[in-house]
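This report concerns only the one structure given below.
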Amino acid sequence: MAQTLSLSGANGVSDIQIETGLLSRAGAAIGAVFSPSRIHIVTDSTVAPLYLETLETQLALPVSHTVIPAGEEHKRLKTVETIYHDLLANSMTRKDLIVALGGGVVGDITGFAAATFLRGVSLCHIPTTLLAQVDSSVGGKTGVDLAEGKNLVGAFYQPRLVLIDPAVLSSLPDGTFADGMAEVVKYGYIANPAILDMIARPDYKSNIESIIYECVKIKRDVVAIDEHDTGLRMILNFGHTVGHAAEKLGGYTELTHGQAVAVGMVAAMRLSALRGDADLTAPLVSLLQKLGLPTALTYDREAVFDALLSDKKKFGGTVNFILVREPGRAEITPIEAETLHNYIKQL
Ligand code: GLY
């Protein structure tokens, strides 16, 4: 059943539509919201052979595209520059529309190009991975990586439209689907334990549209309160503090983002128990294992602490750690760096 959520951001309202089969009706959905003269689609070398033609044939306007090479290593300013040149070569103006068709990397990089080209062009996201559908396509974070770290350059820029079609997930490799499930588990623990019940069912994949809707609703509600990530939005980082450190220590190749978040959520639960809170680790570990996600932090604890401190989410001498008090209730907990150091050693 079609569901729509709306999010009001600094650069306008974002409509988020979720419906199985929506990609095959994307032309009509885009036509109902935008009146551009031209459309430029950005996608990658994995997604282009699967869905680019399906989308282009529905758009009764001059349509052009950029196909970027797939992979996080291409989430760079150099790739954004290629997109700018293609936009100019295709006479795109500020009244036209840019569509991001792909996973998180395509979404982040295209969002950044849309936010900055001619100081802002309308943007539509069509996310094709579960991770992009439940997380990165919603909320307006855009950006690219630098040699020094991930997402160090970017902008908050809300897409005017997000079209989420769960049917496209059938083309994902199991590992890529599991990656997105790590973020789904995160939403269950930070805000809505009913999501955990939904995933616990053996046939949960047949209910994925409703699961996506529940996750996106949480993200919409959080971003509506704290678009620019100065307070509440930090709860979306449950599992990401140690997760980002693990991702970095693995050179961004040993662990995918979802795997790192899974490991990071387990570490955060263990840390809660060390602080004397209820120990919720066992059910989390068992759920993540069932979903095919790793749970063990295998990196040297001193290295984890150092990597964690270099993360951009540190404030002065404290780290804002997201702790889950009970399934569905997360709290932003400032922990003094040396205290955190002691906990990390014991994980
Ligand atoms: N992925 C976390 C956020 O959008 O804030």
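Letters for chains follow the order of the structure tokens (A, B, ...), residue numbers begin at 1 for each chain, and ligand numbers begin at 1 in the order shown.
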Original post:
Counting only C-alpha atoms and all ligand atoms, which protein, DNA or RNA residues come within 9 Å of ligand 1, given as a ChimeraX atom specification?
Top reply: /A:135-141,183,219,222-223,227-229,233-237,240
For region 120-237 of chain A against region 86-105 of chain A, with a cut-off of 9 Å and counting only C-alpha atoms, what is the closest atom pair and its distance in Å to one decimal for every residue that makes the cut, ordered by chain and number, as a Markdown table?
| residue | atom | partner | partner_atom | distance |
| --- | --- | --- | --- | --- |
| A:Gly120 | CA | A:Arg94 | CA | 6.8 |
| A:Val121 | CA | A:Arg94 | CA | 5.1 |
| A:Ser122 | CA | A:Leu97 | CA | 5.0 |
| A:Leu123 | CA | A:Ile98 | CA | 5.0 |
| A:Cys124 | CA | A:Val99 | CA | 4.7 |
| A:His125 | CA | A:Ala100 | CA | 4.8 |
| A:Ile126 | CA | A:Leu101 | CA | 4.8 |
| A:Pro127 | CA | A:Gly102 | CA | 5.1 |
| A:Thr128 | CA | A:Gly102 | CA | 4.8 |
| A:Thr129 | CA | A:Gly103 | CA | 5.1 |
| A:Leu130 | CA | A:Gly103 | CA | 8.1 |
| A:Leu131 | CA | A:Gly104 | CA | 7.1 |
| A:Ala132 | CA | A:Gly104 | CA | 5.0 |
| A:Gln133 | CA | A:Gly103 | CA | 8.1 |
| A:Asp135 | CA | A:Gly104 | CA | 8.5 |
| A:Ser136 | CA | A:Gly104 | CA | 5.8 |
| A:Ser137 | CA | A:Gly104 | CA | 7.2 |
| A:Gly143 | CA | A:Val105 | CA | 9.0 |
| A:Val144 | CA | A:Val105 | CA | 8.5 |
Proximity check region 206-245 of chain A to region 3-20 of chain A, 12 Å, nearest pairs one decimal Å, only C-alpha atoms, as JSON lines:
{"residue": "A:Ser206", "atom": "CA", "partner": "A:Thr20", "partner_atom": "CA", "distance": 11.1}
{"residue": "A:Asn207", "atom": "CA", "partner": "A:Thr20", "partner_atom": "CA", "distance": 10.9}
{"residue": "A:Ile208", "atom": "CA", "partner": "A:Thr20", "partner_atom": "CA", "distance": 9.6}
{"residue": "A:Glu209", "atom": "CA", "partner": "A:Glu19", "partner_atom": "CA", "distance": 7.1}
{"residue": "A:Ser210", "atom": "CA", "partner": "A:Ile18", "partner_atom": "CA", "distance": 9.0}
{"residue": "A:Ile211", "atom": "CA", "partner": "A:Ile18", "partner_atom": "CA", "distance": 10.8}
{"residue": "A:Ile212", "atom": "CA", "partner": "A:Ile18", "partner_atom": "CA", "distance": 8.1}
{"residue": "A:Tyr213", "atom": "CA", "partner": "A:Ile18", "partner_atom": "CA", "distance": 6.9}
{"residue": "A:Glu214", "atom": "CA", "partner": "A:Leu5", "partner_atom": "CA", "distance": 10.6}
{"residue": "A:Cys215", "atom": "CA", "partner": "A:Ile18", "partner_atom": "CA", "distance": 11.4}
{"residue": "A:Val216", "atom": "CA", "partner": "A:Leu5", "partner_atom": "CA", "distance": 8.3}
{"residue": "A:Lys217", "atom": "CA", "partner": "A:Leu5", "partner_atom": "CA", "distance": 7.1}
{"residue": "A:Ile218", "atom": "CA", "partner": "A:Leu5", "partner_atom": "CA", "distance": 10.6}
{"residue": "A:Lys219", "atom": "CA", "partner": "A:Leu7", "partner_atom": "CA", "distance": 9.7}
{"residue": "A:Arg220", "atom": "CA", "partner": "A:Leu7", "partner_atom": "CA", "distance": 6.0}
{"residue": "A:Asp221", "atom": "CA", "partner": "A:Leu7", "partner_atom": "CA", "distance": 8.0}
{"residue": "A:Val222", "atom": "CA", "partner": "A:Leu7", "partner_atom": "CA", "distance": 10.0}
{"residue": "A:Val223", "atom": "CA", "partner": "A:Leu7", "partner_atom": "CA", "distance": 7.9}
{"residue": "A:Ala224", "atom": "CA", "partner": "A:Leu7", "partner_atom": "CA", "distance": 6.2}
{"residue": "A:Ile225", "atom": "CA", "partner": "A:Gly9", "partner_atom": "CA", "distance": 9.6}
{"residue": "A:Asp226", "atom": "CA", "partner": "A:Gly9", "partner_atom": "CA", "distance": 9.6}
{"residue": "A:Glu227", "atom": "CA", "partner": "A:Gly9", "partner_atom": "CA", "distance": 6.8}
{"residue": "A:His228", "atom": "CA", "partner": "A:Ala10", "partner_atom": "CA", "distance": 9.3}
Preceding selection exported with N, CA and C atoms as a JSON list (two decimals), in the first residue's frame:
[["chain", "number", "residue", "atom", "x", "y", "z"],
["A", 206, "SER", "N", 8.92, -10.55, 3.73],
["A", 206, "SER", "CA", 7.66, -10.31, 3.01],
["A", 206, "SER", "C", 6.95, -9.06, 3.55],
["A", 207, "ASN", "N", 7.42, -8.57, 4.70],
["A", 207, "ASN", "CA", 6.82, -7.39, 5.33],
["A", 207, "ASN", "C", 7.75, -6.18, 5.22],
["A", 208, "ILE", "N", 8.72, -6.24, 4.29],
["A", 208, "ILE", "CA", 9.79, -5.23, 4.30],
["A", 208, "ILE", "C", 9.26, -3.82, 4.04],
["A", 209, "GLU", "N", 8.18, -3.70, 3.26],
["A", 209, "GLU", "CA", 7.64, -2.35, 2.98],
["A", 209, "GLU", "C", 7.21, -1.67, 4.29],
["A", 210, "SER", "N", 6.52, -2.42, 5.16],
["A", 210, "SER", "CA", 6.08, -1.83, 6.45],
["A", 210, "SER", "C", 7.28, -1.55, 7.35],
["A", 211, "ILE", "N", 8.26, -2.44, 7.30],
["A", 211, "ILE", "CA", 9.46, -2.23, 8.13],
["A", 211, "ILE", "C", 10.17, -0.94, 7.68],
["A", 212, "ILE", "N", 10.31, -0.77, 6.37],
["A", 212, "ILE", "CA", 10.96, 0.45, 5.84],
["A", 212, "ILE", "C", 10.16, 1.68, 6.29],
["A", 213, "TYR", "N", 8.83, 1.59, 6.17],
["A", 213, "TYR", "CA", 7.98, 2.73, 6.55],
["A", 213, "TYR", "C", 8.23, 3.12, 8.01],
["A", 214, "GLU", "N", 8.25, 2.11, 8.91],
["A", 214, "GLU", "CA", 8.45, 2.42, 10.34],
["A", 214, "GLU", "C", 9.80, 3.09, 10.58],
["A", 215, "CYS", "N", 10.83, 2.61, 9.87],
["A", 215, "CYS", "CA", 12.17, 3.20, 10.04],
["A", 215, "CYS", "C", 12.21, 4.64, 9.52],
["A", 216, "VAL", "N", 11.65, 4.84, 8.33],
["A", 216, "VAL", "CA", 11.68, 6.18, 7.73],
["A", 216, "VAL", "C", 10.87, 7.16, 8.58],
["A", 217, "LYS", "N", 9.80, 6.65, 9.18],
["A", 217, "LYS", "CA", 8.97, 7.53, 10.04],
["A", 217, "LYS", "C", 9.81, 8.03, 11.22],
["A", 218, "ILE", "N", 10.61, 7.13, 11.80],
["A", 218, "ILE", "CA", 11.47, 7.56, 12.92],
["A", 218, "ILE", "C", 12.47, 8.60, 12.43],
["A", 219, "LYS", "N", 13.09, 8.30, 11.29],
["A", 219, "LYS", "CA", 14.10, 9.25, 10.80],
["A", 219, "LYS", "C", 13.46, 10.60, 10.50],
["A", 220, "ARG", "N", 12.27, 10.57, 9.86],
["A", 220, "ARG", "CA", 11.57, 11.83, 9.56],
["A", 220, "ARG", "C", 11.30, 12.62, 10.86],
["A", 221, "ASP", "N", 10.82, 11.92, 11.87],
["A", 221, "ASP", "CA", 10.47, 12.60, 13.13],
["A", 221, "ASP", "C", 11.71, 13.22, 13.79],
["A", 222, "VAL", "N", 12.80, 12.48, 13.76],
["A", 222, "VAL", "CA", 14.03, 12.97, 14.40],
["A", 222, "VAL", "C", 14.58, 14.17, 13.63],
["A", 223, "VAL", "N", 14.64, 14.05, 12.29],
["A", 223, "VAL", "CA", 15.20, 15.13, 11.48],
["A", 223, "VAL", "C", 14.31, 16.38, 11.53],
["A", 224, "ALA", "N", 13.01, 16.17, 11.66],
["A", 224, "ALA", "CA", 12.09, 17.32, 11.74],
["A", 224, "ALA", "C", 12.42, 18.16, 12.98],
["A", 225, "ILE", "N", 12.88, 17.51, 14.03],
["A", 225, "ILE", "CA", 13.22, 18.24, 15.27],
["A", 225, "ILE", "C", 14.64, 18.80, 15.21],
["A", 226, "ASP", "N", 15.55, 18.08, 14.60],
["A", 226, "ASP", "CA", 16.97, 18.47, 14.64],
["A", 226, "ASP", "C", 17.63, 18.22, 13.28],
["A", 227, "GLU", "N", 17.23, 19.00, 12.30],
["A", 227, "GLU", "CA", 17.75, 18.80, 10.94],
["A", 227, "GLU", "C", 19.27, 18.88, 10.88],
["A", 228, "HIS", "N", 19.84, 19.82, 11.64],
["A", 228, "HIS", "CA", 21.28, 20.09, 11.47],
["A", 228, "HIS", "C", 22.17, 19.35, 12.47]]
Subject >> helix (DSSP H, G or I) per DSSP on the backbone: members of region 149-319 of chain A, as a PyMOL selection string >> reply: chain A and resi 166-171+174-190+193-200+204-225+232-237+240-249+257-274+281-290+301-309
Output C-alpha atoms of each residue in that selection to a file, as a short mmCIF file (atom, residue, chain, number, x, y, z; two decimals), in the first residue's frame.
data_model
loop_
_atom_site.label_atom_id
_atom_site.label_comp_id
_atom_site.auth_asym_id
_atom_site.auth_seq_id
_atom_site.Cartn_x
_atom_site.Cartn_y
_atom_site.Cartn_z
CA PRO A 166 11.10 -2.10 -1.90
CA ALA A 167 10.83 -4.29 -5.04
CA VAL A 168 14.33 -3.17 -6.13
CA LEU A 169 15.80 -4.84 -3.04
CA SER A 170 15.32 -8.25 -4.69
CA SER A 171 18.38 -7.53 -6.85
CA ASP A 174 22.49 -10.97 0.69
CA GLY A 175 25.38 -9.11 2.32
CA THR A 176 24.19 -5.73 1.01
CA PHE A 177 20.67 -6.44 2.26
CA ALA A 178 22.07 -7.44 5.69
CA ASP A 179 24.00 -4.15 5.74
CA GLY A 180 20.74 -2.23 5.61
CA MET A 181 19.24 -4.51 8.26
CA ALA A 182 21.86 -3.24 10.73
CA GLU A 183 20.29 0.23 10.43
CA VAL A 184 16.81 -1.31 10.74
CA VAL A 185 17.86 -2.98 14.02
CA LYS A 186 19.23 0.39 15.14
CA TYR A 187 15.81 2.03 14.65
CA GLY A 188 14.17 -0.73 16.67
CA TYR A 189 16.51 -0.20 19.60
CA ILE A 190 16.54 3.61 19.58
CA PRO A 193 10.75 -2.06 19.59
CA ALA A 194 7.81 -3.17 17.39
CA ILE A 195 10.38 -3.11 14.54
CA LEU A 196 12.40 -5.76 16.43
CA ASP A 197 9.27 -7.93 16.68
CA MET A 198 8.67 -7.50 12.94
CA ILE A 199 12.25 -8.61 12.12
CA ALA A 200 12.06 -11.55 14.51
CA TYR A 204 10.02 -10.70 7.82
CA LYS A 205 11.23 -9.99 4.28
CA SER A 206 7.66 -10.31 3.01
CA ASN A 207 6.82 -7.39 5.33
CA ILE A 208 9.79 -5.23 4.30
CA GLU A 209 7.64 -2.35 2.98
CA SER A 210 6.08 -1.83 6.45
CA ILE A 211 9.46 -2.23 8.13
CA ILE A 212 10.96 0.45 5.84
CA TYR A 213 7.98 2.73 6.55
CA GLU A 214 8.45 2.42 10.34
CA CYS A 215 12.17 3.20 10.04
CA VAL A 216 11.68 6.18 7.73
CA LYS A 217 8.97 7.53 10.04
CA ILE A 218 11.47 7.56 12.92
CA LYS A 219 14.10 9.25 10.80
CA ARG A 220 11.57 11.83 9.56
CA ASP A 221 10.47 12.60 13.13
CA VAL A 222 14.03 12.97 14.40
CA VAL A 223 15.20 15.13 11.48
CA ALA A 224 12.09 17.32 11.74
CA ILE A 225 13.22 18.24 15.27
CA LEU A 232 18.39 14.70 19.03
CA ARG A 233 19.61 13.56 15.60
CA MET A 234 22.67 12.13 17.36
CA ILE A 235 20.49 9.20 18.53
CA LEU A 236 20.68 7.96 14.93
CA ASN A 237 24.34 7.34 15.69
CA HIS A 240 28.16 4.39 14.98
CA THR A 241 30.73 5.70 17.50
CA VAL A 242 32.62 2.42 17.88
CA GLY A 243 31.30 1.45 14.42
CA HIS A 244 33.07 4.32 12.66
CA ALA A 245 36.26 3.50 14.59
CA ALA A 246 36.06 -0.17 13.50
CA GLU A 247 35.32 0.84 9.90
CA LYS A 248 38.39 3.10 9.91
CA LEU A 249 40.66 0.47 11.52
CA HIS A 257 29.18 0.24 7.06
CA GLY A 258 26.32 -2.01 8.22
CA GLN A 259 28.72 -4.62 9.62
CA ALA A 260 30.61 -1.90 11.50
CA VAL A 261 27.34 -0.53 12.91
CA ALA A 262 26.37 -4.05 14.05
CA VAL A 263 29.69 -4.47 15.87
CA GLY A 264 29.34 -0.93 17.25
CA MET A 265 25.82 -1.55 18.61
CA VAL A 266 27.03 -4.63 20.49
CA ALA A 267 29.96 -2.63 21.91
CA ALA A 268 27.56 0.14 23.00
CA MET A 269 25.30 -2.41 24.75
CA ARG A 270 28.31 -3.94 26.55
CA LEU A 271 29.42 -0.47 27.58
CA SER A 272 25.95 0.20 29.06
CA ALA A 273 26.22 -3.00 31.10
CA LEU A 274 29.71 -1.94 32.32
CA THR A 281 23.61 -7.52 24.82
CA ALA A 282 22.49 -11.17 24.42
CA PRO A 283 19.21 -10.56 22.49
CA LEU A 284 20.94 -7.98 20.27
CA VAL A 285 23.79 -10.39 19.44
CA SER A 286 21.37 -13.19 18.67
CA LEU A 287 19.27 -10.96 16.35
CA LEU A 288 22.31 -9.64 14.48
CA GLN A 289 23.72 -13.15 14.04
CA LYS A 290 20.39 -14.32 12.67
CA ARG A 301 41.15 -1.60 22.09
CA GLU A 302 43.77 1.18 22.27
CA ALA A 303 43.50 1.60 18.50
CA VAL A 304 39.68 1.67 18.78
CA PHE A 305 39.87 4.41 21.42
CA ASP A 306 42.32 6.49 19.34
CA ALA A 307 40.20 6.12 16.20
CA LEU A 308 37.07 7.00 18.15
CA LEU A 309 38.63 10.17 19.53
#
Original post:
Between A:Ser35, A:Leu55, A:Leu118, A:Ala278, which one has atoms that come closest to Leu23 (chain A), using only C-alpha atoms?
Top reply: A:Leu55
Do you know which residues are at most 10 Å from Gly149 (chain A) counting only C-alpha atoms, after dropping those on the same chain fewer than 2 positions away, and could you put them as an mmCIF file with C-alpha atoms, in the first residue's frame?
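The file below, selection-v5.cif, is the result:
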data_model
loop_
_atom_site.group_PDB
_atom_site.id
_atom_site.type_symbol
_atom_site.label_atom_id
_atom_site.label_comp_id
_atom_site.auth_asym_id
_atom_site.auth_seq_id
_atom_site.Cartn_x
_atom_site.Cartn_y
_atom_site.Cartn_z
ATOM 1 C CA VAL A 144 32.019 13.426 -0.031
ATOM 2 C CA ASP A 145 35.097 11.887 1.581
ATOM 3 C CA LEU A 146 38.579 13.396 1.826
ATOM 4 C CA ALA A 147 41.868 11.500 2.221
ATOM 5 C CA ASN A 151 31.971 12.721 4.884
ATOM 6 C CA LEU A 152 34.266 15.590 5.829
ATOM 7 C CA VAL A 153 32.834 17.915 3.161
ATOM 8 C CA LYS A 248 38.390 3.103 9.913
ATOM 9 C CA SER A 310 39.610 11.369 16.061
ATOM 10 C CA ASP A 311 35.971 11.078 14.938
ATOM 11 C CA LYS A 312 34.309 14.421 14.214
#
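Our summary of the geometry notes that CA of Ile39 (chain A) is positioned 18.8 Å from CA of Thr79 (chain A).
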Original post:
For Pro173 (chain A), which of A:Ser24, A:Asn342, A:Thr46, A:Thr318 is the closest residue, counting only C-alpha atoms?
Top reply: A:Thr46
Subject >> Pick from A:Tyr51, A:His65, A:Ile109, A:Lys345, whichever lies nearest to Lys78 (chain A) using only C-alpha atoms >> reply: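 Result for the nearest residue to Lys78 (chain A): A:Ile109.
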Subject >> d(CA of Ala114 (chain A), CA of Leu50 (chain A)) in Å >> reply: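 So the answer is 23.4 Å.
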Original post:
Which of region 61-177 of chain A counts as strand (DSSP E or B) under DSSP, as JSON, numbers by chain please?
Top reply: {"A": [63, 64, 65, 66, 67, 68, 97, 98, 99, 100, 101, 102, 122, 123, 124, 125, 126, 127, 141, 142, 143, 144, 145, 146, 149, 150, 151, 152, 153, 154, 155, 156, 161, 162, 163, 164]}
